[in-house]
file final-v3.cif (mmCIF, C-alpha atoms)
data_coords
loop_
_atom_site.group_PDB
_atom_site.id
_atom_site.type_symbol
_atom_site.label_atom_id
_atom_site.label_comp_id
_atom_site.auth_asym_id
_atom_site.auth_seq_id
_atom_site.Cartn_x
_atom_site.Cartn_y
_atom_site.Cartn_z
ATOM 1 C CA MET S 1 14.539 -5.956 20.957
ATOM 2 C CA THR S 2 16.904 -5.909 18.015
ATOM 3 C CA SER S 3 18.878 -2.703 17.731
ATOM 4 C CA ARG S 4 17.953 -1.251 14.380
ATOM 5 C CA ALA S 5 19.078 1.550 12.141
ATOM 6 C CA LEU S 6 17.043 3.468 9.574
ATOM 7 C CA ARG S 7 18.736 4.214 6.268
ATOM 8 C CA ASP S 8 17.508 6.047 3.224
ATOM 9 C CA LEU S 9 17.817 4.041 0.034
ATOM 10 C CA SER S 10 19.416 5.430 -3.081
ATOM 11 C CA GLU S 11 17.171 5.618 -6.128
ATOM 12 C CA ARG S 12 19.132 2.779 -7.696
ATOM 13 C CA ASP S 13 18.793 0.498 -4.674
ATOM 14 C CA ALA S 14 15.141 1.417 -4.250
ATOM 15 C CA LEU S 15 14.267 0.431 -7.825
ATOM 16 C CA ARG S 16 16.345 -2.760 -7.513
ATOM 17 C CA LEU S 17 14.407 -3.811 -4.413
ATOM 18 C CA LEU S 18 11.090 -2.874 -6.017
ATOM 19 C CA ALA S 19 11.951 -5.001 -9.040
ATOM 20 C CA GLY S 20 12.710 -7.961 -6.781
ATOM 21 C CA VAL S 21 9.203 -8.378 -5.388
ATOM 22 C CA PRO S 22 6.135 -9.403 -7.392
ATOM 23 C CA LEU S 23 3.539 -7.276 -5.669
ATOM 24 C CA GLY S 24 3.010 -3.622 -4.867
ATOM 25 C CA ARG S 25 0.210 -1.128 -4.359
ATOM 26 C CA ILE S 26 -0.737 1.504 -6.879
ATOM 27 C CA VAL S 27 -2.040 4.712 -5.364
ATOM 28 C CA PHE S 28 -4.096 7.149 -7.358
ATOM 29 C CA THR S 29 -6.651 9.901 -7.029
ATOM 30 C CA ARG S 30 -10.334 9.340 -7.761
ATOM 31 C CA HIS S 31 -12.572 12.394 -7.659
ATOM 32 C CA ALA S 32 -9.878 14.104 -5.586
ATOM 33 C CA LEU S 33 -9.987 11.235 -3.072
ATOM 34 C CA PRO S 34 -7.153 8.820 -2.374
ATOM 35 C CA ALA S 35 -7.486 5.290 -3.754
ATOM 36 C CA VAL S 36 -5.234 2.239 -3.678
ATOM 37 C CA ARG S 37 -5.129 -1.220 -5.242
ATOM 38 C CA PRO S 38 -2.714 -4.120 -4.734
ATOM 39 C CA VAL S 39 -1.252 -5.236 -8.070
ATOM 40 C CA ASN S 40 1.527 -7.439 -9.343
ATOM 41 C CA HIS S 41 4.196 -5.613 -11.271
ATOM 42 C CA ILE S 42 7.490 -5.823 -13.069
ATOM 43 C CA VAL S 43 10.170 -3.217 -13.565
ATOM 44 C CA ALA S 44 11.137 -3.036 -17.237
ATOM 45 C CA ASP S 45 12.952 -0.399 -19.273
ATOM 46 C CA GLY S 46 13.163 1.785 -16.181
ATOM 47 C CA ARG S 47 9.407 1.782 -15.675
ATOM 48 C CA ILE S 48 7.006 0.019 -13.333
ATOM 49 C CA VAL S 49 4.605 -2.006 -15.456
ATOM 50 C CA ILE S 50 1.234 -3.415 -14.379
ATOM 51 C CA ARG S 51 -1.823 -4.842 -16.095
ATOM 52 C CA SER S 52 -5.390 -3.684 -15.735
ATOM 53 C CA SER S 53 -8.802 -4.189 -17.277
ATOM 54 C CA SER S 54 -10.194 -1.255 -19.203
ATOM 55 C CA GLY S 55 -13.430 -0.026 -17.691
ATOM 56 C CA THR S 56 -12.308 -0.581 -14.096
ATOM 57 C CA MET S 57 -11.869 2.323 -11.714
ATOM 58 C CA LEU S 58 -8.131 1.762 -11.764
ATOM 59 C CA SER S 59 -7.910 1.949 -15.547
ATOM 60 C CA ASP S 60 -10.242 4.932 -15.728
ATOM 61 C CA GLU S 61 -8.003 6.947 -13.460
ATOM 62 C CA VAL S 62 -4.551 5.608 -14.174
ATOM 63 C CA ALA S 63 -4.764 5.339 -17.937
ATOM 64 C CA SER S 64 -5.932 8.903 -18.423
ATOM 65 C CA PRO S 65 -3.301 11.183 -19.937
ATOM 66 C CA GLY S 66 -1.056 12.844 -17.395
ATOM 67 C CA ALA S 67 -2.227 10.745 -14.469
ATOM 68 C CA VAL S 68 0.154 11.027 -11.545
ATOM 69 C CA VAL S 69 0.287 7.931 -9.384
ATOM 70 C CA ALA S 70 2.331 6.569 -6.536
ATOM 71 C CA PHE S 71 3.502 3.005 -6.246
ATOM 72 C CA GLU S 72 4.567 1.383 -3.018
ATOM 73 C CA ALA S 73 6.216 -1.943 -2.359
ATOM 74 C CA ASP S 74 7.781 -3.253 0.794
ATOM 75 C CA ASP S 75 9.231 -6.291 2.432
ATOM 76 C CA LEU S 76 8.904 -5.712 6.143
ATOM 77 C CA ASP S 77 9.330 -8.352 8.811
ATOM 78 C CA THR S 78 6.723 -7.428 11.372
ATOM 79 C CA ASP S 79 8.314 -9.566 14.106
ATOM 80 C CA LEU S 80 11.873 -8.336 13.744
ATOM 81 C CA ARG S 81 10.780 -4.938 12.438
ATOM 82 C CA LEU S 82 13.408 -5.059 9.745
ATOM 83 C CA GLY S 83 13.047 -4.638 6.007
ATOM 84 C CA TRP S 84 12.436 -1.960 3.446
ATOM 85 C CA SER S 85 9.780 0.149 1.766
ATOM 86 C CA VAL S 86 9.994 1.983 -1.544
ATOM 87 C CA ILE S 87 7.663 4.690 -2.816
ATOM 88 C CA VAL S 88 7.725 5.876 -6.403
ATOM 89 C CA THR S 89 5.754 8.800 -7.753
ATOM 90 C CA GLY S 90 5.430 9.265 -11.486
ATOM 91 C CA LEU S 91 3.340 9.629 -14.591
ATOM 92 C CA ALA S 92 1.264 6.636 -15.620
ATOM 93 C CA GLY S 93 0.170 5.835 -19.129
ATOM 94 C CA VAL S 94 -1.070 3.010 -21.322
ATOM 95 C CA VAL S 95 1.624 1.172 -23.277
ATOM 96 C CA GLU S 96 0.334 1.707 -26.800
ATOM 97 C CA ASP S 97 3.046 -0.091 -28.765
ATOM 98 C CA PRO S 98 1.591 -3.574 -29.406
ATOM 99 C CA ASP S 99 4.965 -5.366 -29.456
ATOM 100 C CA GLN S 100 6.080 -3.759 -26.238
ATOM 101 C CA ALA S 101 2.701 -4.428 -24.603
ATOM 102 C CA ALA S 102 2.836 -8.084 -25.664
ATOM 103 C CA ARG S 103 6.356 -8.426 -24.268
ATOM 104 C CA TYR S 104 5.285 -6.988 -20.931
ATOM 105 C CA LYS S 105 2.116 -9.103 -20.845
ATOM 106 C CA ALA S 106 4.169 -12.254 -21.264
ATOM 107 C CA ARG S 107 6.033 -11.394 -18.065
ATOM 108 C CA LEU S 108 2.962 -10.276 -16.106
ATOM 109 C CA ARG S 109 0.610 -13.124 -15.322
ATOM 110 C CA PRO S 110 -2.552 -11.612 -13.820
ATOM 111 C CA TRP S 111 -3.592 -12.742 -10.346
ATOM 112 C CA LEU S 112 -7.214 -12.156 -11.095
ATOM 113 C CA VAL S 113 -9.457 -13.374 -13.839
ATOM 114 C CA GLY S 114 -10.620 -10.762 -16.285
ATOM 115 C CA ASP S 115 -9.455 -9.328 -19.515
ATOM 116 C CA MET S 116 -6.463 -7.472 -18.149
ATOM 117 C CA ASP S 117 -6.205 -6.070 -21.663
ATOM 118 C CA GLN S 118 -4.348 -2.924 -20.690
ATOM 119 C CA VAL S 119 -0.681 -2.597 -19.942
ATOM 120 C CA ILE S 120 0.144 0.477 -17.890
ATOM 121 C CA ALA S 121 3.622 1.843 -17.308
ATOM 122 C CA ILE S 122 4.697 4.285 -14.608
ATOM 123 C CA ARG S 123 7.719 6.440 -15.320
ATOM 124 C CA PRO S 124 9.390 7.173 -11.986
ATOM 125 C CA GLU S 125 9.844 10.877 -11.242
ATOM 126 C CA ILE S 126 10.446 10.713 -7.499
ATOM 127 C CA VAL S 127 11.880 7.584 -5.904
ATOM 128 C CA THR S 128 12.250 7.337 -2.142
ATOM 129 C CA GLY S 129 12.798 4.433 0.161
ATOM 130 C CA PHE S 130 14.147 3.360 3.485
ATOM 131 C CA GLU S 131 15.499 0.229 5.018
ATOM 132 C CA LEU S 132 15.538 -0.880 8.604
ATOM 133 C CA VAL S 133 18.659 -2.908 9.247
ATOM 134 C CA ARG S 134 20.296 -4.436 12.278
ATOM 135 C CA ALA S 135 22.518 -1.881 13.953
ATOM 136 C CA THR S 136 26.104 -2.976 14.453
ATOM 137 C CA GLY S 137 28.266 -2.337 17.492
ATOM 138 C CA MET E 1 -1.573 -23.810 -10.743
ATOM 139 C CA THR E 2 -3.981 -23.849 -7.818
ATOM 140 C CA SER E 3 -7.570 -23.307 -8.796
ATOM 141 C CA ARG E 4 -8.664 -20.174 -7.032
ATOM 142 C CA ALA E 5 -11.831 -18.256 -6.415
ATOM 143 C CA LEU E 6 -12.224 -14.542 -5.775
ATOM 144 C CA ARG E 7 -14.679 -13.518 -3.074
ATOM 145 C CA ASP E 8 -15.718 -10.119 -1.833
ATOM 146 C CA LEU E 9 -15.344 -9.718 1.900
ATOM 147 C CA SER E 10 -18.114 -8.402 4.098
ATOM 148 C CA GLU E 11 -17.323 -5.217 5.988
ATOM 149 C CA ARG E 12 -17.197 -7.208 9.208
ATOM 150 C CA ASP E 13 -14.748 -9.787 7.843
ATOM 151 C CA ALA E 14 -12.664 -7.085 6.192
ATOM 152 C CA LEU E 15 -12.201 -5.166 9.438
ATOM 153 C CA ARG E 16 -11.489 -8.388 11.334
ATOM 154 C CA LEU E 17 -8.703 -9.293 8.892
ATOM 155 C CA LEU E 18 -7.343 -5.744 8.965
ATOM 156 C CA ALA E 19 -7.239 -5.872 12.758
ATOM 157 C CA GLY E 20 -5.285 -9.123 12.634
ATOM 158 C CA VAL E 21 -2.181 -7.742 10.895
ATOM 159 C CA PRO E 22 0.204 -5.195 12.409
ATOM 160 C CA LEU E 23 1.043 -3.242 9.265
ATOM 161 C CA GLY E 24 -0.836 -1.369 6.573
ATOM 162 C CA ARG E 25 -0.385 1.554 4.214
ATOM 163 C CA ILE E 26 -2.046 4.904 4.687
ATOM 164 C CA VAL E 27 -2.901 6.674 1.461
ATOM 165 C CA PHE E 28 -3.508 10.392 1.333
ATOM 166 C CA THR E 29 -3.443 13.375 -0.953
ATOM 167 C CA ARG E 30 -0.622 15.897 -0.899
ATOM 168 C CA HIS E 31 -1.046 18.964 -3.092
ATOM 169 C CA ALA E 32 -3.623 16.984 -5.075
ATOM 170 C CA LEU E 33 -1.065 14.218 -5.659
ATOM 171 C CA PRO E 34 -1.305 10.684 -4.317
ATOM 172 C CA ALA E 35 0.957 9.759 -1.408
ATOM 173 C CA VAL E 36 1.407 6.613 0.642
ATOM 174 C CA ARG E 37 3.281 5.521 3.777
ATOM 175 C CA PRO E 38 3.607 2.112 5.430
ATOM 176 C CA VAL E 39 2.543 2.288 9.086
ATOM 177 C CA ASN E 40 1.723 -0.052 11.915
ATOM 178 C CA HIS E 41 -1.814 0.148 13.141
ATOM 179 C CA ILE E 42 -4.430 -1.225 15.473
ATOM 180 C CA VAL E 43 -8.182 -1.359 15.116
ATOM 181 C CA ALA E 44 -9.840 0.015 18.249
ATOM 182 C CA ASP E 45 -13.342 1.268 18.953
ATOM 183 C CA GLY E 46 -14.241 0.676 15.319
ATOM 184 C CA ARG E 47 -11.458 2.919 14.044
ATOM 185 C CA ILE E 48 -8.034 2.359 12.520
ATOM 186 C CA VAL E 49 -5.468 3.984 14.765
ATOM 187 C CA ILE E 50 -1.898 4.912 13.866
ATOM 188 C CA ARG E 51 0.839 7.092 15.333
ATOM 189 C CA SER E 52 2.684 9.882 13.611
ATOM 190 C CA SER E 53 5.086 12.695 14.382
ATOM 191 C CA SER E 54 3.684 16.201 14.097
ATOM 192 C CA GLY E 55 5.527 18.187 11.478
ATOM 193 C CA THR E 56 5.926 15.284 9.064
ATOM 194 C CA MET E 57 4.211 15.279 5.692
ATOM 195 C CA LEU E 58 1.922 12.514 6.882
ATOM 196 C CA SER E 59 0.766 14.453 9.932
ATOM 197 C CA ASP E 60 0.398 17.687 7.993
ATOM 198 C CA GLU E 61 -2.014 16.081 5.576
ATOM 199 C CA VAL E 62 -3.733 13.443 7.649
ATOM 200 C CA ALA E 63 -4.266 15.417 10.829
ATOM 201 C CA SER E 64 -5.910 18.351 9.095
ATOM 202 C CA PRO E 65 -9.645 18.606 9.734
ATOM 203 C CA GLY E 66 -11.761 16.645 7.286
ATOM 204 C CA ALA E 67 -8.854 14.786 5.706
ATOM 205 C CA VAL E 68 -10.064 11.809 3.703
ATOM 206 C CA VAL E 69 -7.606 8.944 3.585
ATOM 207 C CA ALA E 70 -7.502 5.364 2.434
ATOM 208 C CA PHE E 71 -5.908 2.536 4.349
ATOM 209 C CA GLU E 72 -4.847 -0.728 2.789
ATOM 210 C CA ALA E 73 -3.651 -3.930 4.365
ATOM 211 C CA ASP E 74 -3.182 -7.316 2.825
ATOM 212 C CA ASP E 75 -1.811 -10.774 3.417
ATOM 213 C CA LEU E 76 -1.120 -12.187 -0.004
ATOM 214 C CA ASP E 77 0.943 -15.280 -0.702
ATOM 215 C CA THR E 78 2.766 -14.402 -3.893
ATOM 216 C CA ASP E 79 3.673 -18.023 -4.643
ATOM 217 C CA LEU E 80 0.243 -19.562 -4.185
ATOM 218 C CA ARG E 81 -1.536 -16.353 -5.155
ATOM 219 C CA LEU E 82 -3.936 -16.731 -2.266
ATOM 220 C CA GLY E 83 -4.813 -14.300 0.488
ATOM 221 C CA TRP E 84 -6.735 -11.121 1.036
ATOM 222 C CA SER E 85 -6.636 -7.369 0.701
ATOM 223 C CA VAL E 86 -8.765 -4.792 2.487
ATOM 224 C CA ILE E 87 -9.193 -1.132 1.589
ATOM 225 C CA VAL E 88 -10.853 1.338 3.916
ATOM 226 C CA THR E 89 -11.712 4.924 3.043
ATOM 227 C CA GLY E 90 -12.637 7.330 5.770
ATOM 228 C CA LEU E 91 -12.094 10.546 7.653
ATOM 229 C CA ALA E 92 -8.883 10.887 9.621
ATOM 230 C CA GLY E 93 -8.354 13.026 12.664
ATOM 231 C CA VAL E 94 -6.108 13.510 15.662
ATOM 232 C CA VAL E 95 -7.248 11.768 18.834
ATOM 233 C CA GLU E 96 -7.486 14.761 21.160
ATOM 234 C CA ASP E 97 -8.687 13.007 24.313
ATOM 235 C CA PRO E 98 -5.491 12.482 26.370
ATOM 236 C CA ASP E 99 -6.695 9.300 28.084
ATOM 237 C CA GLN E 100 -7.819 7.722 24.849
ATOM 238 C CA ALA E 101 -4.601 8.771 23.102
ATOM 239 C CA ALA E 102 -2.521 7.285 25.932
ATOM 240 C CA ARG E 103 -4.466 4.027 25.762
ATOM 241 C CA TYR E 104 -3.888 3.758 22.020
ATOM 242 C CA LYS E 105 -0.222 4.702 22.353
ATOM 243 C CA ALA E 106 0.321 1.883 24.819
ATOM 244 C CA ARG E 107 -0.840 -0.591 22.163
ATOM 245 C CA LEU E 108 1.052 1.019 19.254
ATOM 246 C CA ARG E 109 4.795 0.653 19.596
ATOM 247 C CA PRO E 110 6.386 2.792 16.847
ATOM 248 C CA TRP E 111 8.658 1.076 14.352
ATOM 249 C CA LEU E 112 10.669 4.202 13.838
ATOM 250 C CA VAL E 113 12.455 6.472 16.231
ATOM 251 C CA GLY E 114 10.986 9.912 16.589
ATOM 252 C CA ASP E 115 8.453 11.589 18.757
ATOM 253 C CA MET E 116 5.404 9.851 17.331
ATOM 254 C CA ASP E 117 3.500 12.273 19.530
ATOM 255 C CA GLN E 118 0.308 12.204 17.504
ATOM 256 C CA VAL E 119 -2.350 9.536 17.567
ATOM 257 C CA ILE E 120 -4.502 9.546 14.458
ATOM 258 C CA ALA E 121 -7.754 7.652 14.040
ATOM 259 C CA ILE E 122 -9.525 6.824 10.794
ATOM 260 C CA ARG E 123 -13.261 6.308 10.941
ATOM 261 C CA PRO E 124 -14.184 3.838 8.191
ATOM 262 C CA GLU E 125 -16.776 5.126 5.743
ATOM 263 C CA ILE E 126 -16.243 2.670 2.895
ATOM 264 C CA VAL E 127 -14.813 -0.785 3.560
ATOM 265 C CA THR E 128 -14.056 -3.130 0.693
ATOM 266 C CA GLY E 129 -11.992 -6.239 0.459
ATOM 267 C CA PHE E 130 -11.478 -9.461 -1.397
ATOM 268 C CA GLU E 131 -10.020 -12.824 -0.679
ATOM 269 C CA LEU E 132 -8.487 -15.327 -3.034
ATOM 270 C CA VAL E 133 -9.222 -18.821 -1.780
ATOM 271 C CA ARG E 134 -8.685 -22.321 -3.097
ATOM 272 C CA ALA E 135 -11.584 -23.328 -5.276
ATOM 273 C CA THR E 136 -13.292 -26.566 -4.302
ATOM 274 C CA GLY E 137 -14.569 -29.258 -6.644
#

call {"tool": "encode", "arguments": {"input": "final-v3.cif", "output": "structure tokens"}}
result
Amino acid sequence: MTSRALRDLSERDALRLLAGVPLGRIVFTRHALPAVRPVNHIVADGRIVIRSSSGTMLSDEVASPGAVVAFEADDLDTDLRLGWSVIVTGLAGVVEDPDQAARYKARLRPWLVGDMDQVIAIRPEIVTGFELVRATG
Amino acid sequence: MTSRALRDLSERDALRLLAGVPLGRIVFTRHALPAVRPVNHIVADGRIVIRSSSGTMLSDEVASPGAVVAFEADDLDTDLRLGWSVIVTGLAGVVEDPDQAARYKARLRPWLVGDMDQVIAIRPEIVTGFELVRATG
């Protein structure tokens, strides 16, 4: 087995890694119960930006004012057991500015069919992450 | 771009796919806020089984009686935009039976150092999932 070391990521490195992958999972609360959806995302202007369709459970919960969400992304090699995971907690909200929303939409091609009319941004409040790297020596 | 179709997975297919990957994300509520951790898992006796270390935030929340959690796993090809995602919601609890816990532990090698003394099982109540497949014709 590879000798491995666990390291905490700095906030800067965590957000850099998160920005480098196209897919994460948004975690929210629905009727006080935990809920999760895989979504594609970008990091722009210091925020995590996703698209959603208004009227879906995700939009109902995440686009409401003051919604706190978590966002997780990882790149973990399950054979070598190396890689990283980043978890961001923050306030989510609809991007209301039409120019900004259009700019984000142009960079966020939806995976799924559907309107995907809403652009939602998460402002990171707490950023944590770890990486599992090969241990030296 | 590949022509793709979105299909809902049956509960049976969803759990079969979930059982076929080593890694998922457990989603829980911490002080009414959403939280998430990547974990390796097995599916055994109809339940999703993970290990945790008592005293961690995960164990504090997930091992408490009546804790409702979600568990997500996916295998999504971000280039082709094909693959699947499964989300299970259910009640979590510590596996108290020592023989059963030992049997699960033998199949669940922890990724991280630490005691990983606790074995936690999630009994699926709601199982949903989708797959994105190549469209024919």

call {"tool": "resolve_selection", "arguments": {"input": "final-v3.cif", "expression": "the PyMOL selection byres ((chain S) within 10 of (chain E))", "output": "count of residues only"}}
result
47

call {"tool": "resolve_selection", "arguments": {"input": "final-v3.cif", "expression": "the PyMOL selection byres ((chain S and resi 59) around 12)", "output": "PyMOL selection string"}}
result
chain S and resi 26+28-30+37+50-58+60-65+67+69+92-94+116-121

call {"tool": "atom_distance", "arguments": {"input": "final-v3.cif", "atom1": "atom CA of Val49 of chain S", "atom2": "atom CA of Glu96 of chain S"}}
result
12.7 Å

call {"tool": "residues_around", "arguments": {"input": "final-v3.cif", "residues": "Asp45 of chain S", "least_positions_apart": "3", "cutoff": "12 Å", "atoms": "all atoms listed in the file", "output": "PyMOL selection string"}}
result
chain S and resi 15+19+42+48-49+100+103-104+121-124

call {"tool": "residues_around", "arguments": {"input": "final-v3.cif", "residues": "Ser3 of chain S", "least_positions_apart": "2", "cutoff": "9 Å", "atoms": "all atoms listed in the file", "output": "PyMOL selection string"}}
result
chain S and resi 1+5+133-136

call {"tool": "write_last_selection", "arguments": {"input": "final-v3.cif", "atoms": "C-alpha atoms", "output": "PDB file, in the frame of the given file"}}
result
ATOM      1  CA  MET S   1      14.539  -5.956  20.957  1.00  0.00           C
ATOM      2  CA  ALA S   5      19.078   1.550  12.141  1.00  0.00           C
ATOM      3  CA  VAL S 133      18.659  -2.908   9.247  1.00  0.00           C
ATOM      4  CA  ARG S 134      20.296  -4.436  12.278  1.00  0.00           C
ATOM      5  CA  ALA S 135      22.518  -1.881  13.953  1.00  0.00           C
ATOM      6  CA  THR S 136      26.104  -2.976  14.453  1.00  0.00           C
TER       7      THR S 136
END

call {"tool": "closest_residue", "arguments": {"input": "final-v3.cif", "among": "S:Arg47, S:His41, S:Glu11, S:Asp75", "to": "Gly24 of chain E", "atoms": "only C-alpha atoms"}}
result
S:Asp75

call {"tool": "atom_distance", "arguments": {"input": "final-v3.cif", "atom1": "atom CA of Asp115 of chain S", "atom2": "atom CA of Val95 of chain S"}}
result
15.7 Å

call {"tool": "atom_distance", "arguments": {"input": "final-v3.cif", "atom1": "atom CA of Gly46 of chain E", "atom2": "atom CA of Arg7 of chain E"}}
result
23.2 Å

call {"tool": "decode", "arguments": {"input": "final-v3.cif", "residues": "segment 33-42 of chain E", "atoms": "all heavy atoms", "output": "PDB file, in the first residue's frame"}}
result
ATOM      1  N   LEU E  33     -27.599  23.210  10.085  1.00  0.00           N
ATOM      2  CA  LEU E  33     -26.894  23.605   8.854  1.00  0.00           C
ATOM      3  C   LEU E  33     -26.462  22.358   8.088  1.00  0.00           C
ATOM      4  O   LEU E  33     -26.161  21.329   8.684  1.00  0.00           O
ATOM      5  CB  LEU E  33     -25.666  24.455   9.193  1.00  0.00           C
ATOM      6  CG  LEU E  33     -25.965  25.812   9.831  1.00  0.00           C
ATOM      7  CD1 LEU E  33     -24.660  26.532  10.150  1.00  0.00           C
ATOM      8  CD2 LEU E  33     -26.835  26.667   8.912  1.00  0.00           C
ATOM      9  N   PRO E  34     -26.416  22.455   6.772  1.00  0.00           N
ATOM     10  CA  PRO E  34     -26.031  21.291   5.982  1.00  0.00           C
ATOM     11  C   PRO E  34     -24.535  21.007   6.087  1.00  0.00           C
ATOM     12  O   PRO E  34     -23.715  21.919   6.107  1.00  0.00           O
ATOM     13  CB  PRO E  34     -26.415  21.695   4.560  1.00  0.00           C
ATOM     14  CG  PRO E  34     -26.387  23.182   4.560  1.00  0.00           C
ATOM     15  CD  PRO E  34     -26.761  23.619   5.943  1.00  0.00           C
ATOM     16  N   ALA E  35     -24.205  19.722   6.173  1.00  0.00           N
ATOM     17  CA  ALA E  35     -22.810  19.295   6.251  1.00  0.00           C
ATOM     18  C   ALA E  35     -22.632  18.053   5.396  1.00  0.00           C
ATOM     19  O   ALA E  35     -23.588  17.307   5.163  1.00  0.00           O
ATOM     20  CB  ALA E  35     -22.414  19.015   7.704  1.00  0.00           C
ATOM     21  N   VAL E  36     -21.414  17.828   4.951  1.00  0.00           N
ATOM     22  CA  VAL E  36     -21.145  16.728   4.028  1.00  0.00           C
ATOM     23  C   VAL E  36     -19.715  16.237   4.234  1.00  0.00           C
ATOM     24  O   VAL E  36     -18.830  17.029   4.569  1.00  0.00           O
ATOM     25  CB  VAL E  36     -21.380  17.192   2.563  1.00  0.00           C
ATOM     26  CG1 VAL E  36     -20.572  18.422   2.223  1.00  0.00           C
ATOM     27  CG2 VAL E  36     -21.108  16.091   1.539  1.00  0.00           C
ATOM     28  N   ARG E  37     -19.513  14.932   4.095  1.00  0.00           N
ATOM     29  CA  ARG E  37     -18.177  14.341   4.192  1.00  0.00           C
ATOM     30  C   ARG E  37     -18.052  13.235   3.145  1.00  0.00           C
ATOM     31  O   ARG E  37     -18.968  12.405   3.019  1.00  0.00           O
ATOM     32  CB  ARG E  37     -17.946  13.688   5.560  1.00  0.00           C
ATOM     33  CG  ARG E  37     -17.919  14.633   6.733  1.00  0.00           C
ATOM     34  CD  ARG E  37     -16.627  15.440   6.792  1.00  0.00           C
ATOM     35  NE  ARG E  37     -16.629  16.334   7.928  1.00  0.00           N
ATOM     36  CZ  ARG E  37     -17.212  17.537   7.959  1.00  0.00           C
ATOM     37  NH1 ARG E  37     -17.858  17.992   6.904  1.00  0.00           N
ATOM     38  NH2 ARG E  37     -17.134  18.280   9.035  1.00  0.00           N
ATOM     39  N   PRO E  38     -16.935  13.168   2.432  1.00  0.00           N
ATOM     40  CA  PRO E  38     -16.710  11.999   1.579  1.00  0.00           C
ATOM     41  C   PRO E  38     -16.302  10.810   2.445  1.00  0.00           C
ATOM     42  O   PRO E  38     -15.523  10.975   3.387  1.00  0.00           O
ATOM     43  CB  PRO E  38     -15.553  12.445   0.664  1.00  0.00           C
ATOM     44  CG  PRO E  38     -14.823  13.493   1.448  1.00  0.00           C
ATOM     45  CD  PRO E  38     -15.818  14.141   2.369  1.00  0.00           C
ATOM     46  N   VAL E  39     -16.844   9.649   2.150  1.00  0.00           N
ATOM     47  CA  VAL E  39     -16.524   8.437   2.925  1.00  0.00           C
ATOM     48  C   VAL E  39     -16.544   7.223   2.008  1.00  0.00           C
ATOM     49  O   VAL E  39     -17.256   7.200   1.004  1.00  0.00           O
ATOM     50  CB  VAL E  39     -17.549   8.151   4.064  1.00  0.00           C
ATOM     51  CG1 VAL E  39     -17.354   9.071   5.247  1.00  0.00           C
ATOM     52  CG2 VAL E  39     -18.984   8.228   3.564  1.00  0.00           C
ATOM     53  N   ASN E  40     -15.764   6.217   2.364  1.00  0.00           N
ATOM     54  CA  ASN E  40     -15.926   4.951   1.645  1.00  0.00           C
ATOM     55  C   ASN E  40     -16.991   4.115   2.338  1.00  0.00           C
ATOM     56  O   ASN E  40     -17.231   4.238   3.538  1.00  0.00           O
ATOM     57  CB  ASN E  40     -14.595   4.193   1.472  1.00  0.00           C
ATOM     58  CG  ASN E  40     -13.883   3.890   2.779  1.00  0.00           C
ATOM     59  OD1 ASN E  40     -13.890   4.701   3.693  1.00  0.00           O
ATOM     60  ND2 ASN E  40     -13.269   2.723   2.851  1.00  0.00           N
ATOM     61  N   HIS E  41     -17.651   3.311   1.535  1.00  0.00           N
ATOM     62  CA  HIS E  41     -18.836   2.619   2.028  1.00  0.00           C
ATOM     63  C   HIS E  41     -18.935   1.231   1.405  1.00  0.00           C
ATOM     64  O   HIS E  41     -18.299   0.938   0.386  1.00  0.00           O
ATOM     65  CB  HIS E  41     -20.103   3.419   1.675  1.00  0.00           C
ATOM     66  CG  HIS E  41     -20.399   3.435   0.196  1.00  0.00           C
ATOM     67  ND1 HIS E  41     -19.752   4.279  -0.670  1.00  0.00           N
ATOM     68  CD2 HIS E  41     -21.228   2.679  -0.575  1.00  0.00           C
ATOM     69  CE1 HIS E  41     -20.193   4.071  -1.897  1.00  0.00           C
ATOM     70  NE2 HIS E  41     -21.076   3.104  -1.875  1.00  0.00           N
ATOM     71  N   ILE E  42     -19.760   0.411   2.010  1.00  0.00           N
ATOM     72  CA  ILE E  42     -20.242  -0.811   1.372  1.00  0.00           C
ATOM     73  C   ILE E  42     -21.761  -0.820   1.495  1.00  0.00           C
ATOM     74  O   ILE E  42     -22.336  -0.072   2.301  1.00  0.00           O
ATOM     75  CB  ILE E  42     -19.657  -2.093   2.015  1.00  0.00           C
ATOM     76  CG1 ILE E  42     -19.960  -2.120   3.524  1.00  0.00           C
ATOM     77  CG2 ILE E  42     -18.163  -2.231   1.736  1.00  0.00           C
ATOM     78  CD1 ILE E  42     -19.642  -3.458   4.194  1.00  0.00           C
TER      79      ILE E  42
END
